[in-house]
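Data block below; observations after.
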Amino acid sequence: SRTSHLPNLAEVTADCIILGHTYAGRQTISLNQIRGSTTQARSRDFDANFRPLTRHNIDRWQHIAAAYRRGKRLSPVTLIEVNGVYFVEDGHHRISVAKAENWSDIEAEVTVLQMTRALPWK
């Protein structure tokens, strides 16, 4: 069966015009609202549930998971929000580990994009 990759922000917003962006600061974001990546390369590195798809990513994932399990606090991820849906700019592996560890949310630095229309799944 074909693996479903993370949605890519550029693909999802291809028919939209960015009207502006606002830095929204550090927030606690539900992992269920994080639905994609800001880069095409990263969108191919993880499946739609943020599970790593390549050996390199699995190795990096295991390194981050081990650090977390030793009690190391994970630094905030960087997200772009469009209409209440979040795309990862930095922190794909941290989000993947957080999901695997059954966290409900994660700390993030958030920038909000104002677009001309809603995303396809809204």
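In the structure tokens, the first chain shown is A, the next is B, and so on; residue numbers restart at 1 for each chain, and ligands run from 1 in the order shown.
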Please identify the helix (DSSP H, G or I) residues within stretch 8-43 of chain A (assignment by DSSP from backbone atoms) and present them as a ChimeraX atom specification. /A:9-12,31-33,40-43
Quick one: everything within 10 Å of A:Trp61, counting only C-alpha atoms, minus sequence neighbours fewer than 3 positions away in the same chain. Send it as an NGL selection string. :A and (51-52 or 55-58 or 64-67 or 92-97)
Kindly save the residues from that selection, with N, CA and C atoms included, as a tab-separated table (two decimals), in the first residue's frame.
```tsv
chain	number	residue	atom	x	y	z
A	51	ARG	N	5.44	9.46	11.56
A	51	ARG	CA	6.37	8.34	11.76
A	51	ARG	C	7.48	8.47	10.72
A	52	PRO	N	8.75	8.29	11.14
A	52	PRO	CA	9.87	8.43	10.20
A	52	PRO	C	9.85	7.34	9.14
A	55	ARG	N	15.88	5.49	7.03
A	55	ARG	CA	16.83	5.02	8.04
A	55	ARG	C	17.46	6.19	8.79
A	56	HIS	N	17.89	7.22	8.05
A	56	HIS	CA	18.50	8.39	8.68
A	56	HIS	C	17.54	9.01	9.69
A	57	ASN	N	16.28	9.13	9.31
A	57	ASN	CA	15.30	9.73	10.21
A	57	ASN	C	15.03	8.85	11.41
A	58	ILE	N	15.05	7.54	11.21
A	58	ILE	CA	14.84	6.62	12.34
A	58	ILE	C	15.99	6.76	13.33
A	64	ILE	N	16.73	11.36	19.66
A	64	ILE	CA	15.87	12.32	20.37
A	64	ILE	C	15.00	11.61	21.40
A	65	ALA	N	14.47	10.45	21.06
A	65	ALA	CA	13.64	9.68	22.00
A	65	ALA	C	14.46	9.28	23.22
A	66	ALA	N	15.70	8.85	23.00
A	66	ALA	CA	16.57	8.45	24.12
A	66	ALA	C	16.86	9.64	25.03
A	67	ALA	N	17.11	10.80	24.45
A	67	ALA	CA	17.37	12.01	25.24
A	67	ALA	C	16.14	12.36	26.08
A	92	HIS	N	10.36	18.42	13.43
A	92	HIS	CA	9.64	17.23	12.96
A	92	HIS	C	9.90	16.01	13.84
A	93	HIS	N	11.17	15.77	14.18
A	93	HIS	CA	11.51	14.59	14.99
A	93	HIS	C	10.95	14.72	16.41
A	94	ARG	N	11.00	15.94	16.98
A	94	ARG	CA	10.46	16.14	18.33
A	94	ARG	C	8.96	15.87	18.35
A	95	ILE	N	8.25	16.32	17.31
A	95	ILE	CA	6.81	16.06	17.23
A	95	ILE	C	6.56	14.56	17.07
A	96	SER	N	7.36	13.90	16.25
A	96	SER	CA	7.23	12.47	16.04
A	96	SER	C	7.41	11.70	17.36
A	97	VAL	N	8.43	12.07	18.12
A	97	VAL	CA	8.68	11.42	19.42
A	97	VAL	C	7.52	11.72	20.37
```
Mind checking which residues fall within 9 Å of A:Lys99, counting only C-alpha atoms, ignoring those fewer than 6 positions away in the same chain, and posting them as number ranges by chain? A: 31, 49-51, 105
Need to verify the contact set: stretch 77-88 of chain A, 6 Å, only C-alpha atoms, exclusion of same-chain residues closer than 5 positions in sequence. Can you return it as a PyMOL selection string? chain A and resi 33-38+108-113
Could you go through stretch 24-109 of chain A and tell me which residues DSSP, when run on the backbone, assigns to strand (DSSP E or B), listing them as an NGL selection string? :A and (24-30 or 34-37 or 46-47 or 52 or 77-82 or 85-90 or 105-109)
Same residues, C-alpha atoms, saved as a CSV table (one decimal), in the first residue's frame:
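Once written, again-v6.csv looks like this:
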```csv
chain,number,residue,atom,x,y,z
A,24,ALA,CA,2.1,34.8,17.8
A,25,GLY,CA,4.7,33.8,20.4
A,26,ARG,CA,5.2,30.6,22.4
A,27,GLN,CA,2.1,28.5,22.8
A,28,THR,CA,1.0,25.0,23.8
A,29,ILE,CA,-0.4,23.4,20.7
A,30,SER,CA,-2.4,20.2,20.5
A,34,ILE,CA,-0.2,19.7,13.6
A,35,ARG,CA,-0.9,18.3,10.2
A,36,GLY,CA,2.0,18.9,7.9
A,37,SER,CA,5.4,20.4,7.1
A,46,PHE,CA,7.6,11.3,7.6
A,47,ASP,CA,4.2,9.7,7.1
A,52,PRO,CA,9.9,8.4,10.2
A,77,VAL,CA,9.2,23.4,17.9
A,78,THR,CA,8.6,26.1,15.3
A,79,LEU,CA,5.2,26.1,13.6
A,80,ILE,CA,3.3,28.0,11.0
A,81,GLU,CA,-0.5,28.3,11.6
A,82,VAL,CA,-3.0,28.6,8.8
A,85,VAL,CA,-4.0,24.0,11.3
A,86,TYR,CA,-0.2,23.9,12.0
A,87,PHE,CA,2.7,23.1,9.8
A,88,VAL,CA,6.2,22.2,11.1
A,89,GLU,CA,9.0,24.6,10.2
A,90,ASP,CA,11.5,23.1,12.8
A,105,ASP,CA,0.4,18.8,23.2
A,106,ILE,CA,3.8,20.4,22.7
A,107,GLU,CA,5.4,23.8,23.2
A,108,ALA,CA,5.9,25.8,20.1
A,109,GLU,CA,6.9,29.1,18.7
```
Might you pull out every residue within 8 Å of A:Arg44, with only C-alpha atoms counted and same-chain residues fewer than 5 positions away left off, and present them as a ChimeraX atom specification? /A:5-6,53
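Atom to atom, atom CA of A:Asn102 and atom CA of A:Thr13 stand 29.2 Å apart.
Atom CA of A:Met115 is positioned 5.6 Å from atom CA of A:Ile17.
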